[in-house]
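Chemist: Just dropping this structure here.
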Amino acid sequence: MKILIQNIKLQETNTNLLIEDGLIAGIGSVSTDQVDEIIDGKGQSLFPGFVDLHVHFREPGGEAKETIETGSMAAARGGFTTVCAMPNTRPVPDKEENLERINSLIKDNAHVRVLPYASITTRQLGNELVDFETLMNKGAVAFTDDGVGVQTASKMFEAMQQSAKLNQPIVAHCEDNSLIYGGVMHEGIKNKELNLPGIPSVSESIHIARDILLAEATGCHYHVCHVSTKESVRVIRDAKRAGVNVTAEVTPHHLLLSELDISEDDANYKMNPPLRGEADRQALIEGLLDGTIDCIATDHAPHTREEKENGFMQSPFGIVGLETAFPLLYTHFVKNNRFTLDQLIDWLTVKPAQLFDLPYGTLQVGSKADLVLVDLDQEESIDTSSFYSKGTNTPFQDWKVTGIPTLTVVDGKVVWKKEETYV
């Protein structure tokens with residue numbers, strides 16, 4: 001199968017790109033002999049397909065919230081061609097047969113490349129370690145108990161020892177349960193105004209500090225999920241300077257919003273970790289710019305509309321993000337000259353792929369034809385009624401954005417086109 005994408009903008013140059021047998025076969029003046037399909041890029045910008053290290057697709061067990069099919073279509077619409085799916089499913093991928101079931105569901109239903117995590121502990125309960133080597137051999141991209149932090153230092157130490165032997169990352173949701181105090185939002189200004197219990201920043205940073213020392217002791221690659229506090233940024237920065245193999249991600253919503261954006265008891269602003277103070281938000285931006293934080297990940301976490309209608313006290317944590325990430329970041333950081341476009345693309349493609357040693361995220365001859373075409377000038381309002389995701393839980397409804405993905409290609413196959421779905 002040969003596809004020609006013509007009239008595209010690549011690094012400010014108008015050119016063509018040829019896809020053959022799932023790979024990028026040529027860029028520039030390419031032969032059009034026996035091309036099966038020609039796509040007119042109309043002067044839009046072409047980038048490597050985005051890579052997201054942190055999504056929740058809920059299946060099996062949470063199909064009312066999301067499925068692999070709907071989640072992967074949301075990913076395709078957002079320009080994401082490779083995503084790593086968290087293990088808080090039911091059953092948990094904590095043993096061979098459970099991971100095999102998830103891999104089968106992915107094979108049958110995914111529209112983009114979905115790489116499943118395995119859990120660190122059985123049923124994510126923090127007690128008994130999984131069989132790391134068996135799960136790695138069955139296709140686990142890495143190990144995490146995301147959704148809950150591993151509470152016992154000895155258990156995390158043992159997990160890191162095993163993962164270091166296999167050269168596999170330990171990926172951590174960092175939260176000390178003894179410091180949550182029943183909180184539902186950041187302990188700061190707004191929780192007092194709304195009379196809601198707060199989650200102290202130290203509940204995150206103390207776990208990161210603990211784990212960094214364990215990672216140093218074991219030689220493990222330790223990856224921190226969804227960093228949210230200025231103290232966490234400081235601890236990670238110091239660890240990198242000391243030579244510890246620690247990497248980190250930040251979400252679009254923590255870069256864009258702080259607790260000050262919460263005006264009422266609206267659970268579309270409830271996520272874990274919570275929206276922190278404005279000083280925290282600025283520290284996250286600076287951490288991304290100076291390399292302390294390595295990449296951006298969405299933490300796409302869909303819930304049903306009914307679940308999210310019950311306010312902060314009763315609604316689950318989490319918001320969706322796959323279909324809004326690039327336009328939001330491009331509009332509010334690149335167009336405002338806080339990030340360059342090259343930096344943003346790097347944090348969404350090359351960097352996350354490199355962290356987990358994945359052969360994706362590049363745009364060169366011979367690489368996988370994972371591509372996204374983006375109209376950087378098109379403006380739209382975010383409208384949850386158009387989402388492919390089952391989840392509509394987002395605080396960004398009606399925000400005006402530019403930089404709209406229009407075409408997504410995975411392994412040389414068009415999987416999504418604006419106004420048209422390829423299946």
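So you can find residues: chains in the structure tokens are A, B, ... in the order shown, residues in each start at 1, and ligands are numbered from 1 in order.
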Write out as a PyMOL selection string the residues lying within 9 Å of A:Val112, counting only C-alpha atoms and excluding same-chain residues fewer than 4 positions away.

Modeler: chain A and resi 72-73+75-76+80-83+409-411+415

Chemist: May I have a table of the residues of stretch 386-408 of chain A lying at most 12 Å from stretch 335-347 of chain A, giving each one's closest pair of atoms and their distance in Å to one decimal, counting only C-alpha atoms, ordered by chain and ascending residue number, as a tab-separated table?

Modeler:
residue	atom	partner	partner_atom	distance
A:Val401	CA	A:Lys335	CA	10.4
A:Thr402	CA	A:Lys335	CA	9.1
A:Gly403	CA	A:Lys335	CA	9.8

Chemist: Considering only C-alpha atoms, return as a PDB file with all heavy atoms, in the first residue's frame whatever protein or nucleic-acid residues lie within 12 Å of A:Glu419, sequence-local ones (same chain, fewer than 6 positions apart) excluded.

Modeler:
ATOM      1  N   ARG A  77      -8.314  11.028  17.081  1.00  0.00           N
ATOM      2  CA  ARG A  77      -8.797  12.379  16.792  1.00  0.00           C
ATOM      3  C   ARG A  77      -7.848  13.440  17.349  1.00  0.00           C
ATOM      4  O   ARG A  77      -7.676  14.512  16.772  1.00  0.00           O
ATOM      5  CB  ARG A  77     -10.185  12.583  17.384  1.00  0.00           C
ATOM      6  CG  ARG A  77     -10.785  13.934  17.007  1.00  0.00           C
ATOM      7  CD  ARG A  77     -11.964  14.298  17.861  1.00  0.00           C
ATOM      8  NE  ARG A  77     -12.529  15.578  17.437  1.00  0.00           N
ATOM      9  CZ  ARG A  77     -13.400  16.264  18.152  1.00  0.00           C
ATOM     10  NH1 ARG A  77     -13.822  15.808  19.314  1.00  0.00           N
ATOM     11  NH2 ARG A  77     -13.859  17.414  17.710  1.00  0.00           N
ATOM     12  N   SER A 386     -19.069  16.513  20.548  1.00  0.00           N
ATOM     13  CA  SER A 386     -18.392  15.948  19.376  1.00  0.00           C
ATOM     14  C   SER A 386     -17.323  14.929  19.749  1.00  0.00           C
ATOM     15  O   SER A 386     -16.683  14.358  18.864  1.00  0.00           O
ATOM     16  CB  SER A 386     -17.737  17.075  18.566  1.00  0.00           C
ATOM     17  OG  SER A 386     -16.628  17.624  19.265  1.00  0.00           O
ATOM     18  N   TYR A 388     -15.223  11.655  20.659  1.00  0.00           N
ATOM     19  CA  TYR A 388     -15.293  10.217  20.438  1.00  0.00           C
ATOM     20  C   TYR A 388     -15.234   9.465  21.756  1.00  0.00           C
ATOM     21  O   TYR A 388     -15.776   8.375  21.889  1.00  0.00           O
ATOM     22  CB  TYR A 388     -14.144   9.762  19.534  1.00  0.00           C
ATOM     23  CG  TYR A 388     -14.334  10.123  18.082  1.00  0.00           C
ATOM     24  CD1 TYR A 388     -13.799  11.290  17.559  1.00  0.00           C
ATOM     25  CD2 TYR A 388     -15.058   9.291  17.229  1.00  0.00           C
ATOM     26  CE1 TYR A 388     -13.967  11.624  16.223  1.00  0.00           C
ATOM     27  CE2 TYR A 388     -15.234   9.619  15.895  1.00  0.00           C
ATOM     28  CZ  TYR A 388     -14.684  10.790  15.401  1.00  0.00           C
ATOM     29  OH  TYR A 388     -14.868  11.115  14.077  1.00  0.00           O
ATOM     30  N   PRO A 405      -6.007  18.948  14.824  1.00  0.00           N
ATOM     31  CA  PRO A 405      -5.643  17.774  14.030  1.00  0.00           C
ATOM     32  C   PRO A 405      -6.723  17.467  12.996  1.00  0.00           C
ATOM     33  O   PRO A 405      -7.924  17.556  13.288  1.00  0.00           O
ATOM     34  CB  PRO A 405      -5.546  16.650  15.073  1.00  0.00           C
ATOM     35  CG  PRO A 405      -5.239  17.362  16.363  1.00  0.00           C
ATOM     36  CD  PRO A 405      -6.023  18.659  16.272  1.00  0.00           C
ATOM     37  N   THR A 406      -6.280  17.110  11.785  1.00  0.00           N
ATOM     38  CA  THR A 406      -7.237  16.825  10.715  1.00  0.00           C
ATOM     39  C   THR A 406      -7.073  15.431  10.119  1.00  0.00           C
ATOM     40  O   THR A 406      -7.971  14.955   9.424  1.00  0.00           O
ATOM     41  CB  THR A 406      -7.102  17.857   9.574  1.00  0.00           C
ATOM     42  OG1 THR A 406      -5.782  17.778   9.027  1.00  0.00           O
ATOM     43  CG2 THR A 406      -7.366  19.272  10.076  1.00  0.00           C
ATOM     44  N   LEU A 407      -5.940  14.782  10.377  1.00  0.00           N
ATOM     45  CA  LEU A 407      -5.688  13.460   9.802  1.00  0.00           C
ATOM     46  C   LEU A 407      -4.682  12.733  10.692  1.00  0.00           C
ATOM     47  O   LEU A 407      -3.675  13.305  11.110  1.00  0.00           O
ATOM     48  CB  LEU A 407      -5.102  13.589   8.389  1.00  0.00           C
ATOM     49  CG  LEU A 407      -4.762  12.287   7.658  1.00  0.00           C
ATOM     50  CD1 LEU A 407      -6.029  11.688   7.038  1.00  0.00           C
ATOM     51  CD2 LEU A 407      -3.715  12.515   6.570  1.00  0.00           C
TER      52      LEU A 407
END

Chemist: Please identify the alpha helix (DSSP H) residues within stretch 166-380 of chain A (assignment by DSSP from backbone atoms) and present them as a PDB file with N, CA and C atoms, in the first residue's frame.

Modeler:
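The resulting file, result29.pdb, is shown below:
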ATOM      1  N   LEU A 166      15.414  -6.244  34.958  1.00  0.00           N
ATOM      2  CA  LEU A 166      14.799  -6.419  33.650  1.00  0.00           C
ATOM      3  C   LEU A 166      14.909  -5.185  32.765  1.00  0.00           C
ATOM      4  N   LYS A 190      -8.890  27.911  47.519  1.00  0.00           N
ATOM      5  CA  LYS A 190     -10.252  27.599  47.080  1.00  0.00           C
ATOM      6  C   LYS A 190     -10.944  26.565  47.959  1.00  0.00           C
ATOM      7  N   ASN A 191     -10.199  25.619  48.528  1.00  0.00           N
ATOM      8  CA  ASN A 191     -10.882  24.629  49.360  1.00  0.00           C
ATOM      9  C   ASN A 191     -11.492  25.286  50.596  1.00  0.00           C
ATOM     10  N   LYS A 192     -10.853  26.344  51.075  1.00  0.00           N
ATOM     11  CA  LYS A 192     -11.404  27.077  52.225  1.00  0.00           C
ATOM     12  C   LYS A 192     -12.617  27.890  51.808  1.00  0.00           C
ATOM     13  N   GLU A 193     -12.557  28.522  50.635  1.00  0.00           N
ATOM     14  CA  GLU A 193     -13.696  29.295  50.139  1.00  0.00           C
ATOM     15  C   GLU A 193     -14.916  28.402  49.918  1.00  0.00           C
ATOM     16  N   VAL A 202       2.362  18.166  50.206  1.00  0.00           N
ATOM     17  CA  VAL A 202       3.390  17.261  50.709  1.00  0.00           C
ATOM     18  C   VAL A 202       3.005  15.797  50.532  1.00  0.00           C
ATOM     19  N   SER A 203       1.727  15.508  50.365  1.00  0.00           N
ATOM     20  CA  SER A 203       1.311  14.117  50.147  1.00  0.00           C
ATOM     21  C   SER A 203       1.923  13.557  48.873  1.00  0.00           C
ATOM     22  N   GLU A 204       2.204  14.406  47.894  1.00  0.00           N
ATOM     23  CA  GLU A 204       2.857  13.981  46.659  1.00  0.00           C
ATOM     24  C   GLU A 204       4.374  14.019  46.780  1.00  0.00           C
ATOM     25  N   SER A 205       4.909  15.137  47.210  1.00  0.00           N
ATOM     26  CA  SER A 205       6.364  15.331  47.176  1.00  0.00           C
ATOM     27  C   SER A 205       7.102  14.385  48.106  1.00  0.00           C
ATOM     28  N   ILE A 206       6.491  14.019  49.222  1.00  0.00           N
ATOM     29  CA  ILE A 206       7.176  13.110  50.148  1.00  0.00           C
ATOM     30  C   ILE A 206       7.330  11.712  49.538  1.00  0.00           C
ATOM     31  N   HIS A 207       6.343  11.299  48.747  1.00  0.00           N
ATOM     32  CA  HIS A 207       6.446   9.992  48.072  1.00  0.00           C
ATOM     33  C   HIS A 207       7.524  10.023  47.002  1.00  0.00           C
ATOM     34  N   ILE A 208       7.589  11.121  46.268  1.00  0.00           N
ATOM     35  CA  ILE A 208       8.614  11.235  45.232  1.00  0.00           C
ATOM     36  C   ILE A 208      10.004  11.203  45.855  1.00  0.00           C
ATOM     37  N   ALA A 209      10.180  11.939  46.953  1.00  0.00           N
ATOM     38  CA  ALA A 209      11.484  11.965  47.622  1.00  0.00           C
ATOM     39  C   ALA A 209      11.879  10.571  48.101  1.00  0.00           C
ATOM     40  N   ARG A 210      10.939   9.851  48.691  1.00  0.00           N
ATOM     41  CA  ARG A 210      11.203   8.484  49.130  1.00  0.00           C
ATOM     42  C   ARG A 210      11.629   7.603  47.970  1.00  0.00           C
ATOM     43  N   ASP A 211      10.855   7.668  46.892  1.00  0.00           N
ATOM     44  CA  ASP A 211      11.101   6.775  45.764  1.00  0.00           C
ATOM     45  C   ASP A 211      12.399   7.105  45.033  1.00  0.00           C
ATOM     46  N   ILE A 212      12.763   8.371  45.006  1.00  0.00           N
ATOM     47  CA  ILE A 212      14.016   8.756  44.356  1.00  0.00           C
ATOM     48  C   ILE A 212      15.199   8.118  45.070  1.00  0.00           C
ATOM     49  N   LEU A 213      15.176   8.103  46.383  1.00  0.00           N
ATOM     50  CA  LEU A 213      16.251   7.465  47.133  1.00  0.00           C
ATOM     51  C   LEU A 213      16.262   5.958  46.902  1.00  0.00           C
ATOM     52  N   LEU A 214      15.083   5.356  46.776  1.00  0.00           N
ATOM     53  CA  LEU A 214      15.010   3.931  46.468  1.00  0.00           C
ATOM     54  C   LEU A 214      15.519   3.650  45.055  1.00  0.00           C
ATOM     55  N   ALA A 215      15.188   4.530  44.123  1.00  0.00           N
ATOM     56  CA  ALA A 215      15.672   4.371  42.750  1.00  0.00           C
ATOM     57  C   ALA A 215      17.188   4.505  42.685  1.00  0.00           C
ATOM     58  N   GLU A 216      17.724   5.423  43.466  1.00  0.00           N
ATOM     59  CA  GLU A 216      19.177   5.582  43.513  1.00  0.00           C
ATOM     60  C   GLU A 216      19.837   4.313  44.056  1.00  0.00           C
ATOM     61  N   ALA A 217      19.218   3.726  45.065  1.00  0.00           N
ATOM     62  CA  ALA A 217      19.782   2.530  45.698  1.00  0.00           C
ATOM     63  C   ALA A 217      19.714   1.305  44.794  1.00  0.00           C
ATOM     64  N   THR A 218      18.706   1.240  43.936  1.00  0.00           N
ATOM     65  CA  THR A 218      18.496   0.050  43.110  1.00  0.00           C
ATOM     66  C   THR A 218      18.983   0.203  41.676  1.00  0.00           C
ATOM     67  N   LYS A 230       5.307  22.409  43.251  1.00  0.00           N
ATOM     68  CA  LYS A 230       6.633  23.016  43.118  1.00  0.00           C
ATOM     69  C   LYS A 230       7.678  22.248  43.918  1.00  0.00           C
ATOM     70  N   GLU A 231       7.280  21.679  45.041  1.00  0.00           N
ATOM     71  CA  GLU A 231       8.220  20.870  45.830  1.00  0.00           C
ATOM     72  C   GLU A 231       8.639  19.615  45.069  1.00  0.00           C
ATOM     73  N   SER A 232       7.683  19.013  44.368  1.00  0.00           N
ATOM     74  CA  SER A 232       7.993  17.829  43.564  1.00  0.00           C
ATOM     75  C   SER A 232       8.996  18.164  42.468  1.00  0.00           C
ATOM     76  N   VAL A 233       8.800  19.303  41.809  1.00  0.00           N
ATOM     77  CA  VAL A 233       9.731  19.738  40.765  1.00  0.00           C
ATOM     78  C   VAL A 233      11.125  19.915  41.350  1.00  0.00           C
ATOM     79  N   ARG A 234      11.205  20.537  42.521  1.00  0.00           N
ATOM     80  CA  ARG A 234      12.510  20.766  43.157  1.00  0.00           C
ATOM     81  C   ARG A 234      13.222  19.453  43.481  1.00  0.00           C
ATOM     82  N   VAL A 235      12.473  18.502  44.026  1.00  0.00           N
ATOM     83  CA  VAL A 235      13.060  17.216  44.400  1.00  0.00           C
ATOM     84  C   VAL A 235      13.550  16.464  43.159  1.00  0.00           C
ATOM     85  N   ILE A 236      12.761  16.466  42.097  1.00  0.00           N
ATOM     86  CA  ILE A 236      13.160  15.784  40.858  1.00  0.00           C
ATOM     87  C   ILE A 236      14.377  16.473  40.240  1.00  0.00           C
ATOM     88  N   ARG A 237      14.393  17.799  40.257  1.00  0.00           N
ATOM     89  CA  ARG A 237      15.536  18.536  39.704  1.00  0.00           C
ATOM     90  C   ARG A 237      16.821  18.179  40.461  1.00  0.00           C
ATOM     91  N   ASP A 238      16.733  18.163  41.772  1.00  0.00           N
ATOM     92  CA  ASP A 238      17.906  17.822  42.581  1.00  0.00           C
ATOM     93  C   ASP A 238      18.360  16.386  42.303  1.00  0.00           C
ATOM     94  N   ALA A 239      17.406  15.474  42.130  1.00  0.00           N
ATOM     95  CA  ALA A 239      17.746  14.075  41.869  1.00  0.00           C
ATOM     96  C   ALA A 239      18.454  13.922  40.534  1.00  0.00           C
ATOM     97  N   LYS A 240      17.983  14.628  39.513  1.00  0.00           N
ATOM     98  CA  LYS A 240      18.632  14.547  38.206  1.00  0.00           C
ATOM     99  C   LYS A 240      20.059  15.077  38.281  1.00  0.00           C
ATOM    100  N   ARG A 241      20.245  16.161  39.017  1.00  0.00           N
ATOM    101  CA  ARG A 241      21.593  16.709  39.177  1.00  0.00           C
ATOM    102  C   ARG A 241      22.514  15.719  39.882  1.00  0.00           C
ATOM    103  N   PRO A 252      -1.499  18.462  30.565  1.00  0.00           N
ATOM    104  CA  PRO A 252      -1.952  19.764  30.065  1.00  0.00           C
ATOM    105  C   PRO A 252      -2.754  20.551  31.103  1.00  0.00           C
ATOM    106  N   HIS A 253      -3.624  19.852  31.866  1.00  0.00           N
ATOM    107  CA  HIS A 253      -4.468  20.609  32.794  1.00  0.00           C
ATOM    108  C   HIS A 253      -3.691  21.214  33.942  1.00  0.00           C
ATOM    109  N   HIS A 254      -2.606  20.560  34.371  1.00  0.00           N
ATOM    110  CA  HIS A 254      -1.794  21.172  35.423  1.00  0.00           C
ATOM    111  C   HIS A 254      -0.941  22.317  34.893  1.00  0.00           C
ATOM    112  N   LEU A 255      -0.643  22.315  33.603  1.00  0.00           N
ATOM    113  CA  LEU A 255       0.058  23.439  32.997  1.00  0.00           C
ATOM    114  C   LEU A 255      -0.860  24.633  32.755  1.00  0.00           C
ATOM    115  N   LEU A 256      -2.122  24.357  32.482  1.00  0.00           N
ATOM    116  CA  LEU A 256      -3.061  25.403  32.067  1.00  0.00           C
ATOM    117  C   LEU A 256      -3.875  25.992  33.214  1.00  0.00           C
ATOM    118  N   GLU A 278      -1.087  28.716  42.008  1.00  0.00           N
ATOM    119  CA  GLU A 278      -0.498  29.344  40.838  1.00  0.00           C
ATOM    120  C   GLU A 278       1.027  29.220  40.849  1.00  0.00           C
ATOM    121  N   ALA A 279       1.646  29.277  42.022  1.00  0.00           N
ATOM    122  CA  ALA A 279       3.099  29.096  42.096  1.00  0.00           C
ATOM    123  C   ALA A 279       3.496  27.695  41.646  1.00  0.00           C
ATOM    124  N   ASP A 280       2.677  26.712  41.955  1.00  0.00           N
ATOM    125  CA  ASP A 280       2.933  25.345  41.492  1.00  0.00           C
ATOM    126  C   ASP A 280       2.846  25.273  39.978  1.00  0.00           C
ATOM    127  N   ARG A 281       1.831  25.887  39.408  1.00  0.00           N
ATOM    128  CA  ARG A 281       1.657  25.861  37.948  1.00  0.00           C
ATOM    129  C   ARG A 281       2.869  26.470  37.251  1.00  0.00           C
ATOM    130  N   GLN A 282       3.334  27.594  37.753  1.00  0.00           N
ATOM    131  CA  GLN A 282       4.495  28.235  37.144  1.00  0.00           C
ATOM    132  C   GLN A 282       5.745  27.362  37.292  1.00  0.00           C
ATOM    133  N   ALA A 283       5.874  26.678  38.429  1.00  0.00           N
ATOM    134  CA  ALA A 283       7.020  25.783  38.637  1.00  0.00           C
ATOM    135  C   ALA A 283       6.991  24.620  37.657  1.00  0.00           C
ATOM    136  N   LEU A 284       5.798  24.115  37.334  1.00  0.00           N
ATOM    137  CA  LEU A 284       5.668  23.034  36.356  1.00  0.00           C
ATOM    138  C   LEU A 284       6.116  23.506  34.970  1.00  0.00           C
ATOM    139  N   ILE A 285       5.731  24.705  34.601  1.00  0.00           N
ATOM    140  CA  ILE A 285       6.132  25.251  33.305  1.00  0.00           C
ATOM    141  C   ILE A 285       7.648  25.406  33.252  1.00  0.00           C
ATOM    142  N   GLU A 286       8.215  25.957  34.304  1.00  0.00           N
ATOM    143  CA  GLU A 286       9.670  26.133  34.347  1.00  0.00           C
ATOM    144  C   GLU A 286      10.381  24.782  34.361  1.00  0.00           C
ATOM    145  N   GLY A 287       9.809  23.798  35.061  1.00  0.00           N
ATOM    146  CA  GLY A 287      10.402  22.470  35.098  1.00  0.00           C
ATOM    147  C   GLY A 287      10.402  21.802  33.741  1.00  0.00           C
ATOM    148  N   LEU A 288       9.357  22.041  32.970  1.00  0.00           N
ATOM    149  CA  LEU A 288       9.300  21.499  31.610  1.00  0.00           C
ATOM    150  C   LEU A 288      10.345  22.179  30.733  1.00  0.00           C
ATOM    151  N   LEU A 289      10.460  23.496  30.861  1.00  0.00           N
ATOM    152  CA  LEU A 289      11.383  24.253  30.026  1.00  0.00           C
ATOM    153  C   LEU A 289      12.846  23.935  30.337  1.00  0.00           C
ATOM    154  N   GLY A 311     -20.680  16.759  42.441  1.00  0.00           N
ATOM    155  CA  GLY A 311     -19.833  17.665  43.204  1.00  0.00           C
ATOM    156  C   GLY A 311     -18.521  17.022  43.630  1.00  0.00           C
ATOM    157  N   PHE A 312     -17.669  17.838  44.232  1.00  0.00           N
ATOM    158  CA  PHE A 312     -16.339  17.368  44.617  1.00  0.00           C
ATOM    159  C   PHE A 312     -16.383  16.234  45.632  1.00  0.00           C
ATOM    160  N   MET A 313     -17.305  16.262  46.550  1.00  0.00           N
ATOM    161  CA  MET A 313     -17.292  15.277  47.625  1.00  0.00           C
ATOM    162  C   MET A 313     -17.666  13.879  47.151  1.00  0.00           C
ATOM    163  N   GLN A 314     -18.526  13.766  46.155  1.00  0.00           N
ATOM    164  CA  GLN A 314     -19.047  12.461  45.769  1.00  0.00           C
ATOM    165  C   GLN A 314     -18.584  11.978  44.397  1.00  0.00           C
ATOM    166  N   ALA A 325      -5.754  18.015  24.026  1.00  0.00           N
ATOM    167  CA  ALA A 325      -4.402  18.329  24.505  1.00  0.00           C
ATOM    168  C   ALA A 325      -3.633  19.245  23.559  1.00  0.00           C
ATOM    169  N   PHE A 326      -3.462  18.824  22.311  1.00  0.00           N
ATOM    170  CA  PHE A 326      -2.627  19.630  21.426  1.00  0.00           C
ATOM    171  C   PHE A 326      -3.211  21.020  21.170  1.00  0.00           C
ATOM    172  N   PRO A 327      -4.485  21.142  20.807  1.00  0.00           N
ATOM    173  CA  PRO A 327      -5.009  22.492  20.565  1.00  0.00           C
ATOM    174  C   PRO A 327      -4.882  23.417  21.774  1.00  0.00           C
ATOM    175  N   LEU A 328      -5.137  22.893  22.971  1.00  0.00           N
ATOM    176  CA  LEU A 328      -5.012  23.717  24.168  1.00  0.00           C
ATOM    177  C   LEU A 328      -3.577  24.184  24.378  1.00  0.00           C
ATOM    178  N   LEU A 329      -2.636  23.264  24.272  1.00  0.00           N
ATOM    179  CA  LEU A 329      -1.233  23.610  24.508  1.00  0.00           C
ATOM    180  C   LEU A 329      -0.691  24.543  23.429  1.00  0.00           C
ATOM    181  N   LEU A 341       7.024  25.838  18.985  1.00  0.00           N
ATOM    182  CA  LEU A 341       6.312  24.692  18.417  1.00  0.00           C
ATOM    183  C   LEU A 341       7.201  23.456  18.445  1.00  0.00           C
ATOM    184  N   ASP A 342       8.483  23.621  18.173  1.00  0.00           N
ATOM    185  CA  ASP A 342       9.397  22.478  18.210  1.00  0.00           C
ATOM    186  C   ASP A 342       9.462  21.863  19.603  1.00  0.00           C
ATOM    187  N   GLN A 343       9.479  22.699  20.630  1.00  0.00           N
ATOM    188  CA  GLN A 343       9.505  22.170  21.999  1.00  0.00           C
ATOM    189  C   GLN A 343       8.249  21.363  22.293  1.00  0.00           C
ATOM    190  N   LEU A 344       7.102  21.909  21.928  1.00  0.00           N
ATOM    191  CA  LEU A 344       5.842  21.222  22.199  1.00  0.00           C
ATOM    192  C   LEU A 344       5.798  19.873  21.491  1.00  0.00           C
ATOM    193  N   ILE A 345       6.176  19.845  20.226  1.00  0.00           N
ATOM    194  CA  ILE A 345       6.177  18.583  19.487  1.00  0.00           C
ATOM    195  C   ILE A 345       7.144  17.597  20.124  1.00  0.00           C
ATOM    196  N   ASP A 346       8.292  18.062  20.558  1.00  0.00           N
ATOM    197  CA  ASP A 346       9.284  17.203  21.196  1.00  0.00           C
ATOM    198  C   ASP A 346       8.709  16.563  22.458  1.00  0.00           C
ATOM    199  N   TRP A 347       8.019  17.332  23.283  1.00  0.00           N
ATOM    200  CA  TRP A 347       7.451  16.815  24.535  1.00  0.00           C
ATOM    201  C   TRP A 347       6.300  15.842  24.301  1.00  0.00           C
ATOM    202  N   LEU A 348       5.722  15.885  23.110  1.00  0.00           N
ATOM    203  CA  LEU A 348       4.596  15.005  22.793  1.00  0.00           C
ATOM    204  C   LEU A 348       4.999  13.811  21.923  1.00  0.00           C
ATOM    205  N   VAL A 350       9.042  12.718  20.588  1.00  0.00           N
ATOM    206  CA  VAL A 350      10.374  12.138  20.778  1.00  0.00           C
ATOM    207  C   VAL A 350      10.640  11.803  22.241  1.00  0.00           C
ATOM    208  N   LYS A 351      10.370  12.752  23.121  1.00  0.00           N
ATOM    209  CA  LYS A 351      10.729  12.568  24.528  1.00  0.00           C
ATOM    210  C   LYS A 351       9.992  11.393  25.169  1.00  0.00           C
ATOM    211  N   PRO A 352       8.666  11.319  25.092  1.00  0.00           N
ATOM    212  CA  PRO A 352       8.018  10.162  25.722  1.00  0.00           C
ATOM    213  C   PRO A 352       8.449   8.833  25.119  1.00  0.00           C
ATOM    214  N   ALA A 353       8.671   8.796  23.811  1.00  0.00           N
ATOM    215  CA  ALA A 353       9.123   7.548  23.185  1.00  0.00           C
ATOM    216  C   ALA A 353      10.500   7.153  23.701  1.00  0.00           C
ATOM    217  N   GLN A 354      11.383   8.116  23.826  1.00  0.00           N
ATOM    218  CA  GLN A 354      12.733   7.822  24.315  1.00  0.00           C
ATOM    219  C   GLN A 354      12.717   7.309  25.748  1.00  0.00           C
ATOM    220  N   LEU A 355      11.838   7.851  26.579  1.00  0.00           N
ATOM    221  CA  LEU A 355      11.819   7.467  27.987  1.00  0.00           C
ATOM    222  C   LEU A 355      11.594   5.974  28.162  1.00  0.00           C
TER     223      LEU A 355
END

Chemist: Skip A:Gly49 itself and residues of its chain fewer than 5 positions away, then list as a PyMOL selection string all residues within 7 Å of it, counting only C-alpha atoms.

Modeler: chain A and resi 79-81+349+361+370-372

Chemist: Just the residues within 9 Å of A:Pro200, please, counting only C-alpha atoms, with nothing from its chain fewer than 4 positions along; format it as a short mmCIF file (atom, residue, chain, number, x, y, z; two decimals) with N, CA and C atoms, in the first residue's frame.

Modeler:
data_model
loop_
_atom_site.label_atom_id
_atom_site.label_comp_id
_atom_site.auth_asym_id
_atom_site.auth_seq_id
_atom_site.Cartn_x
_atom_site.Cartn_y
_atom_site.Cartn_z
N LEU A 179 -1.46 11.25 54.33
CA LEU A 179 -1.45 12.71 54.29
C LEU A 179 -2.59 13.29 53.44
N ILE A 180 -3.54 12.44 53.04
CA ILE A 180 -4.65 12.93 52.21
C ILE A 180 -5.75 13.58 53.05
N TYR A 181 -6.01 13.01 54.22
CA TYR A 181 -6.99 13.57 55.17
C TYR A 181 -8.39 13.72 54.57
N GLY A 183 -9.18 14.56 51.63
CA GLY A 183 -9.27 15.72 50.75
C GLY A 183 -9.81 15.40 49.37
N MET A 185 -9.70 18.28 46.94
CA MET A 185 -9.07 19.29 46.10
C MET A 185 -7.83 19.80 46.83
N HIS A 186 -7.07 20.63 46.20
CA HIS A 186 -5.83 21.14 46.78
C HIS A 186 -6.11 21.92 48.06
N GLU A 187 -5.25 21.69 49.03
CA GLU A 187 -5.35 22.47 50.26
C GLU A 187 -4.66 23.82 50.01
N GLY A 188 -5.49 24.83 49.86
CA GLY A 188 -4.95 26.14 49.53
C GLY A 188 -5.97 27.22 49.80
N GLU A 204 2.20 14.41 47.89
CA GLU A 204 2.86 13.98 46.66
C GLU A 204 4.37 14.02 46.78
#

Chemist: Quick check, in Å to one decimal: how far apart do atom CA of A:Cys174 and atom CA of A:Asp145 lie?

Modeler: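 Answer for the atom CA of A:Cys174 to atom CA of A:Asp145 separation: 9.9 Å.
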
Chemist: Considering only C-alpha atoms, state which residue in the set A:Pro48, A:Leu4, A:Arg305, A:Pro60 is at the smallest distance from A:Tyr360.

Modeler: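 So, comparing all the options, the nearest one is A:Pro48.
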
Chemist: Between A:Thr134, A:Thr32, A:Thr70, A:Asn245, single out the one closest to A:Leu322, counting only C-alpha atoms.

Modeler: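 Among the listed residues, A:Thr70 lies closest to A:Leu322.
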
Chemist: List the neighbours of A:Phe317 out to 6 Å using only C-alpha atoms; skip same-chain residues closer than 4 positions along the sequence, and give me the result as an MDAnalysis selection string.

Modeler: chainID A and resid 270:272

Chemist: So how many Å separate atom CA of A:Lys138 and atom CA of A:Thr298, to one decimal?

Modeler: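 Going from atom CA of A:Lys138 over to atom CA of A:Thr298, I get 25.4 Å.
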